[in-house]
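Visitor: Take a look at the following structure, please.
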Amino acid sequence: MGDTSKTLAYPADLKYVKTHEYVRINGGEAEIGITAFAADQLGDVTYVELPKPGAKLKNEEKFGVIESVKSVSDLFMPVAGEVVAVNSRLASEPELVNLDCYKEGWMIKVKLSNPSELDLAMSAEDYKKFVVE
Amino acid sequence: MTTAQLKQTPIASAHKELGARMVDFAGWYMPVQYKSIMAEHMAVRNKVGLFDVSHMGEFLVTGADAQKFVQYMVANDINKLNKPNMALYTQMLTDEGGTVDDLIVYRLDQGYLLVVNASNIEKDWSWLQENTVDFKSVALRDISEDTALLALQGPSAVELMARLGGDAVKSLPSFSYATGKLDGINAAWGRTGYTGEDGFEIFVSVDKAEKLWRKILEQGQSFGIEACGLGARDTLRLEAGLPLYGHELDENTSPLEAGLGWSVKLEKGDFMGASTLRAQKQLGLSKQLIGLKTEGKALPRQGYPVYDGEKRVGTVTSGSQGISVGYPIACAFVPPAYCQPGRKLQVEIREAKVEGEVVSKTFYKRK
């Protein structure tokens, strides 16, 4: 941990936002989770509260809550969309967020309402600069 | 505040080397975690953990009236320390019976050593100074700056201590104190702690602290030792039912209200704050600290409201995942009418009322 912000991974095929969520685009769908930086800052995740499929959420709207032993934070939409799936494994294995935030620890899948919003999101390189500062 | 303005313990550079996440705790640059709070918590429960608690304060009280003075300033009966090298847990109170700080008093060959909370060092020092006026011969010395403090805690702490300091350390009784060498380094240690496990708190001069820290970690490897931060210290103490100043104790809270009546000796004679405590005992308390076990996974945290149905009855003082017990735990102040174990109360967590049950504050008790 400690000053790991320089060594954490930020896959190049994802988009990132300032509230530390990532977006993985798959056609018209996006997979959303939190970044390695956010997971590292939170420490041991104990609980993830997610919306129900069907929820229509705006960009930057709160979509859930993540709790660790240390703290509790809101989760924010990096894009607008309708929730089509949630990672139900997180209910019993919230630690997946710490172990593998970009794959097993994904949170929700949404159908994008306005894909052009993603133009404003950061690249991996920009996000890395953002968190190191 | 920038890191440059924070006070550092003599071990700060070793913490960074270990990859600790450092935070501002009461003006100190302290490690909150190294690997993970859960891993560190479990190491202390199952093996052994080492904490740097050098931020804590140490005061020496000497002089012909030292005994009378300390006896007047704390709520426990220090005459129970009937020979040197014994220690007890107690609180210093305000005139009105609120808690100035909680502390450990060690009886030394000459005088007493008071170990106080880092966040209260200056306040405690002034409070003690101010009150020496009624005592002819009392000398106070703040040795906090010269003294480092390490806590070695967990079921393997005693075996590891014996490896460093010889087999004699094994027979040191709980709340007793000894001096000697640990792997060649002069130190003093009490069989005390803040985790609910067996262990030691080790006093060492600041110039030897990092060396001792490294030696303990090195010798502790075969025991599965982990360096532990303030995060695990907090989850461990809460699970063991130990109060934290600023949460369960403050100047508006008496030790009786905080459930520490076992450490208050009203029959010992006059002492600071005694009249309020006597009145509380006679007339009853207006609030009392309870343990709460809550359902689900959302965690009750400090400041969250406690309800009995529609009625707000109290506030959470500390809350966390009970890492060893496996469910969310909290302490809260409520009127005595809501204190019976088994009583159902609710904690409001983000607009939802989560069902809880009053239980013993000692959520975890070592076997």
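By order of appearance in the structure tokens: chains A, B, ..., then residues from 1 within every chain, and ligands from 1 in the order shown.
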Within 10 Å of chain B, which residues of chain A are there when counting only C-alpha atoms? Please give them as number ranges by chain.

Guide: A: 1-4, 40-49, 65-72, 91-92

Visitor: Those residues with C-alpha atoms, as a PDB file, in the first residue's frame please?

Guide:
ATOM      1  CA  MET A   1       0.000   0.000   0.000  1.00  0.00           C
ATOM      2  CA  GLY A   2       1.452   3.336   1.011  1.00  0.00           C
ATOM      3  CA  ASP A   3       2.559   5.184  -2.030  1.00  0.00           C
ATOM      4  CA  THR A   4       1.270   2.533  -4.366  1.00  0.00           C
ATOM      5  CA  ASP A  40      -6.507   0.463  -2.549  1.00  0.00           C
ATOM      6  CA  GLN A  41      -7.611   3.625  -0.777  1.00  0.00           C
ATOM      7  CA  LEU A  42     -10.686   1.925   0.689  1.00  0.00           C
ATOM      8  CA  GLY A  43      -8.828  -1.113   1.965  1.00  0.00           C
ATOM      9  CA  ASP A  44     -10.782  -4.254   2.873  1.00  0.00           C
ATOM     10  CA  VAL A  45     -14.184  -3.935   1.222  1.00  0.00           C
ATOM     11  CA  THR A  46     -16.961  -5.415   3.373  1.00  0.00           C
ATOM     12  CA  TYR A  47     -20.121  -4.412   1.540  1.00  0.00           C
ATOM     13  CA  VAL A  48     -21.244  -3.179  -1.866  1.00  0.00           C
ATOM     14  CA  GLU A  49     -24.772  -1.823  -2.299  1.00  0.00           C
ATOM     15  CA  VAL A  65     -22.424   2.536  -1.826  1.00  0.00           C
ATOM     16  CA  ILE A  66     -19.166   0.793  -1.037  1.00  0.00           C
ATOM     17  CA  GLU A  67     -18.038   0.141   2.508  1.00  0.00           C
ATOM     18  CA  SER A  68     -14.704  -0.941   3.843  1.00  0.00           C
ATOM     19  CA  VAL A  69     -13.604  -1.489   7.408  1.00  0.00           C
ATOM     20  CA  LYS A  70     -12.238   2.047   7.320  1.00  0.00           C
ATOM     21  CA  SER A  71     -14.806   4.097   5.456  1.00  0.00           C
ATOM     22  CA  VAL A  72     -17.936   4.349   3.371  1.00  0.00           C
ATOM     23  CA  ALA A  91     -23.036  -9.725  -2.087  1.00  0.00           C
ATOM     24  CA  SER A  92     -21.173 -12.669  -0.620  1.00  0.00           C
TER      25      SER A  92
END

Visitor: Would you pick out the contacts of segment 20-32 of chain A at 10 Å or less, using only C-alpha atoms, so that residues sharing its chain but fewer than 2 positions from it are not included, and give the list as a ChimeraX atom specification?

Guide: /A:10-11,13-18,34-39,75-86,101-103,105-115,118,121-124,127,131

Visitor: Considering only helix (DSSP H, G or I) as DSSP defines it on the backbone, what residues of chain A qualify? List them as an MDAnalysis selection string.

Guide: chainID A and resid 4:6 36:42 89:92 96:99 115:120 124:132

Visitor: Selection from above, N, CA and C atoms, as a compact mmCIF listing (two decimals), in the first residue's frame, can you write it?

Guide:
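Wrote it out as result_17.txt, contents follow:
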# COMPACT_ATOMS: atom_id res chain seq x y z
N THR A 4 1.42 3.48 -3.27
CA THR A 4 1.27 2.53 -4.37
C THR A 4 0.57 3.16 -5.55
N SER A 5 0.11 4.42 -5.42
CA SER A 5 -0.63 5.02 -6.52
C SER A 5 0.17 5.00 -7.81
N LYS A 6 1.49 4.92 -7.67
CA LYS A 6 2.35 4.91 -8.86
C LYS A 6 2.44 3.52 -9.49
N ALA A 36 -8.36 0.50 -9.38
CA ALA A 36 -7.41 -0.07 -8.41
C ALA A 36 -7.01 0.97 -7.37
N PHE A 37 -6.93 2.23 -7.80
CA PHE A 37 -6.61 3.30 -6.86
C PHE A 37 -7.69 3.39 -5.78
N ALA A 38 -8.94 3.40 -6.19
CA ALA A 38 -10.05 3.51 -5.23
C ALA A 38 -10.08 2.30 -4.30
N ALA A 39 -9.90 1.12 -4.86
CA ALA A 39 -9.94 -0.10 -4.05
C ALA A 39 -8.81 -0.09 -3.01
N ASP A 40 -7.65 0.39 -3.45
CA ASP A 40 -6.51 0.46 -2.55
C ASP A 40 -6.74 1.48 -1.43
N GLN A 41 -7.32 2.60 -1.78
CA GLN A 41 -7.61 3.62 -0.78
C GLN A 41 -8.63 3.14 0.24
N LEU A 42 -9.64 2.41 -0.22
CA LEU A 42 -10.69 1.93 0.69
C LEU A 42 -10.16 0.87 1.64
N ARG A 89 -22.23 -11.68 -7.25
CA ARG A 89 -21.19 -12.32 -6.41
C ARG A 89 -20.70 -11.38 -5.32
N LEU A 90 -20.78 -10.07 -5.58
CA LEU A 90 -20.24 -9.12 -4.61
C LEU A 90 -21.01 -9.15 -3.29
N ALA A 91 -22.25 -9.64 -3.32
CA ALA A 91 -23.04 -9.73 -2.09
C ALA A 91 -22.36 -10.63 -1.07
N SER A 92 -21.83 -11.75 -1.56
CA SER A 92 -21.17 -12.67 -0.62
C SER A 92 -19.64 -12.58 -0.67
N LEU A 96 -13.81 -9.33 -3.70
CA LEU A 96 -13.42 -9.38 -5.12
C LEU A 96 -13.03 -8.00 -5.63
N VAL A 97 -13.59 -6.96 -5.02
CA VAL A 97 -13.24 -5.59 -5.42
C VAL A 97 -11.77 -5.32 -5.14
N ASN A 98 -11.27 -5.83 -4.01
CA ASN A 98 -9.85 -5.66 -3.69
C ASN A 98 -8.97 -6.58 -4.53
N LEU A 99 -9.46 -7.79 -4.76
CA LEU A 99 -8.63 -8.81 -5.39
C LEU A 99 -8.50 -8.59 -6.90
N PRO A 115 -23.68 7.51 -25.50
CA PRO A 115 -22.27 7.08 -25.60
C PRO A 115 -21.28 8.22 -25.77
N SER A 116 -21.71 9.35 -26.28
CA SER A 116 -20.76 10.44 -26.53
C SER A 116 -20.20 11.03 -25.23
N GLU A 117 -20.91 10.79 -24.11
CA GLU A 117 -20.40 11.24 -22.81
C GLU A 117 -19.00 10.71 -22.54
N LEU A 118 -18.73 9.55 -23.10
CA LEU A 118 -17.45 8.91 -22.82
C LEU A 118 -16.27 9.70 -23.37
N ASP A 119 -16.55 10.58 -24.30
CA ASP A 119 -15.46 11.41 -24.83
C ASP A 119 -14.83 12.24 -23.73
N LEU A 120 -15.61 12.53 -22.68
CA LEU A 120 -15.11 13.37 -21.59
C LEU A 120 -14.32 12.57 -20.55
N ALA A 124 -6.41 5.85 -19.58
CA ALA A 124 -5.63 5.25 -18.49
C ALA A 124 -4.46 6.14 -18.12
N GLU A 125 -3.82 6.69 -19.13
CA GLU A 125 -2.65 7.52 -18.90
C GLU A 125 -3.01 8.80 -18.14
N ASP A 126 -4.12 9.43 -18.56
CA ASP A 126 -4.56 10.65 -17.89
C ASP A 126 -5.02 10.37 -16.46
N TYR A 127 -5.71 9.24 -16.29
CA TYR A 127 -6.18 8.90 -14.95
C TYR A 127 -5.01 8.64 -14.01
N LYS A 128 -4.02 7.98 -14.52
CA LYS A 128 -2.83 7.69 -13.71
C LYS A 128 -2.18 8.99 -13.25
N LYS A 129 -2.09 9.93 -14.16
CA LYS A 129 -1.55 11.25 -13.79
C LYS A 129 -2.42 11.90 -12.73
N PHE A 130 -3.73 11.77 -12.93
CA PHE A 130 -4.70 12.38 -12.02
C PHE A 130 -4.53 11.84 -10.59
N VAL A 131 -4.35 10.55 -10.44
CA VAL A 131 -4.26 9.99 -9.08
C VAL A 131 -2.88 10.16 -8.44
N VAL A 132 -1.88 10.26 -9.24
CA VAL A 132 -0.54 10.42 -8.68
C VAL A 132 -0.36 11.84 -8.13

Visitor: Restricting the calculation to only C-alpha atoms, which member of B:Glu197, B:Asp134, B:Glu159, B:Asp109 is positioned closest to Tyr177 of chain B?

Guide: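 Selected residue with least distance to Tyr177 of chain B: B:Asp109.
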
Visitor: If you run DSSP on the backbone here, which positions in segment 129-327 of chain B get strand (DSSP E)? Please write them as a ChimeraX atom specification.

Guide: /B:139-142,147-153,177-182,185-190,199-205,226-228,288-294,305-308,311-322,327

Visitor: Between atom CA of Gly64 of chain A and atom CA of Glu93 of chain A, measure the distance and give it in Å to one decimal.

Guide: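 The value is 16.3 Å.
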
Visitor: Using only C-alpha atoms, find the one residue out of B:Asn120, B:Ser126, B:Asn46, B:Ser54 that sits nearest to Ala209 of chain B.

Guide: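 Smallest separation from Ala209 of chain B among the options: B:Ser54.
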
Visitor: Please provide as a list in words all residues within 8 Å of Gln340 of chain B, with the sequence filter that same-chain residues fewer than 3 positions apart are discarded (counting only C-alpha atoms).

Guide: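 Neighbouring residues, sequence-local ones excluded: Ala337, Arg343 and Val358 of chain B.
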
Visitor: Just give me the gap between atom CA of Trp262 of chain B and atom CA of Val74 of chain B in Å, one decimal is fine.

Guide: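 Here the two named atoms are 13.5 Å from each other.
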
Visitor: Rounded to one decimal in Å, what is the spacing between atom CA of Ala240 of chain B and atom CA of Tyr307 of chain B?

Guide: 24.3 Å

Visitor: Got a sec: who's within 12 Å of Lys208 of chain B, counting only C-alpha atoms, leaving out chain neighbours fewer than 2 positions off, as a PDB file with C-alpha atoms, in the first residue's frame?

Guide:
ATOM      1  CA  THR B   9       7.651   8.759  15.797  1.00  0.00           C
ATOM      2  CA  PRO B  10      11.254   7.500  15.645  1.00  0.00           C
ATOM      3  CA  ILE B  11      10.038   4.580  13.513  1.00  0.00           C
ATOM      4  CA  ASP B 146      12.176  10.751  24.883  1.00  0.00           C
ATOM      5  CA  THR B 147      10.032   7.652  25.035  1.00  0.00           C
ATOM      6  CA  ALA B 148       8.950   5.337  22.245  1.00  0.00           C
ATOM      7  CA  LEU B 149       6.256   2.735  22.860  1.00  0.00           C
ATOM      8  CA  LEU B 150       5.720  -0.503  20.959  1.00  0.00           C
ATOM      9  CA  LYS B 181      17.150  -6.061  27.963  1.00  0.00           C
ATOM     10  CA  LEU B 182      15.394  -7.192  24.797  1.00  0.00           C
ATOM     11  CA  ASP B 183      17.972  -8.635  22.453  1.00  0.00           C
ATOM     12  CA  GLY B 184      20.556  -6.382  24.117  1.00  0.00           C
ATOM     13  CA  ILE B 185      18.433  -3.224  24.087  1.00  0.00           C
ATOM     14  CA  ASN B 186      17.448  -1.599  27.389  1.00  0.00           C
ATOM     15  CA  ALA B 187      13.686  -1.477  27.693  1.00  0.00           C
ATOM     16  CA  ILE B 202       7.310  -1.933  25.539  1.00  0.00           C
ATOM     17  CA  PHE B 203       8.928   1.376  26.484  1.00  0.00           C
ATOM     18  CA  VAL B 204      12.228   2.138  24.824  1.00  0.00           C
ATOM     19  CA  SER B 205      14.274   5.302  24.347  1.00  0.00           C
ATOM     20  CA  VAL B 206      13.643   6.992  20.998  1.00  0.00           C
ATOM     21  CA  GLU B 210      13.771   1.605  15.346  1.00  0.00           C
ATOM     22  CA  LYS B 211      16.433  -0.971  16.150  1.00  0.00           C
ATOM     23  CA  LEU B 212      14.081  -2.750  18.542  1.00  0.00           C
ATOM     24  CA  TRP B 213      11.187  -2.512  16.068  1.00  0.00           C
ATOM     25  CA  ARG B 214      13.323  -4.208  13.410  1.00  0.00           C
ATOM     26  CA  LYS B 215      14.594  -6.887  15.800  1.00  0.00           C
TER      27      LYS B 215
END
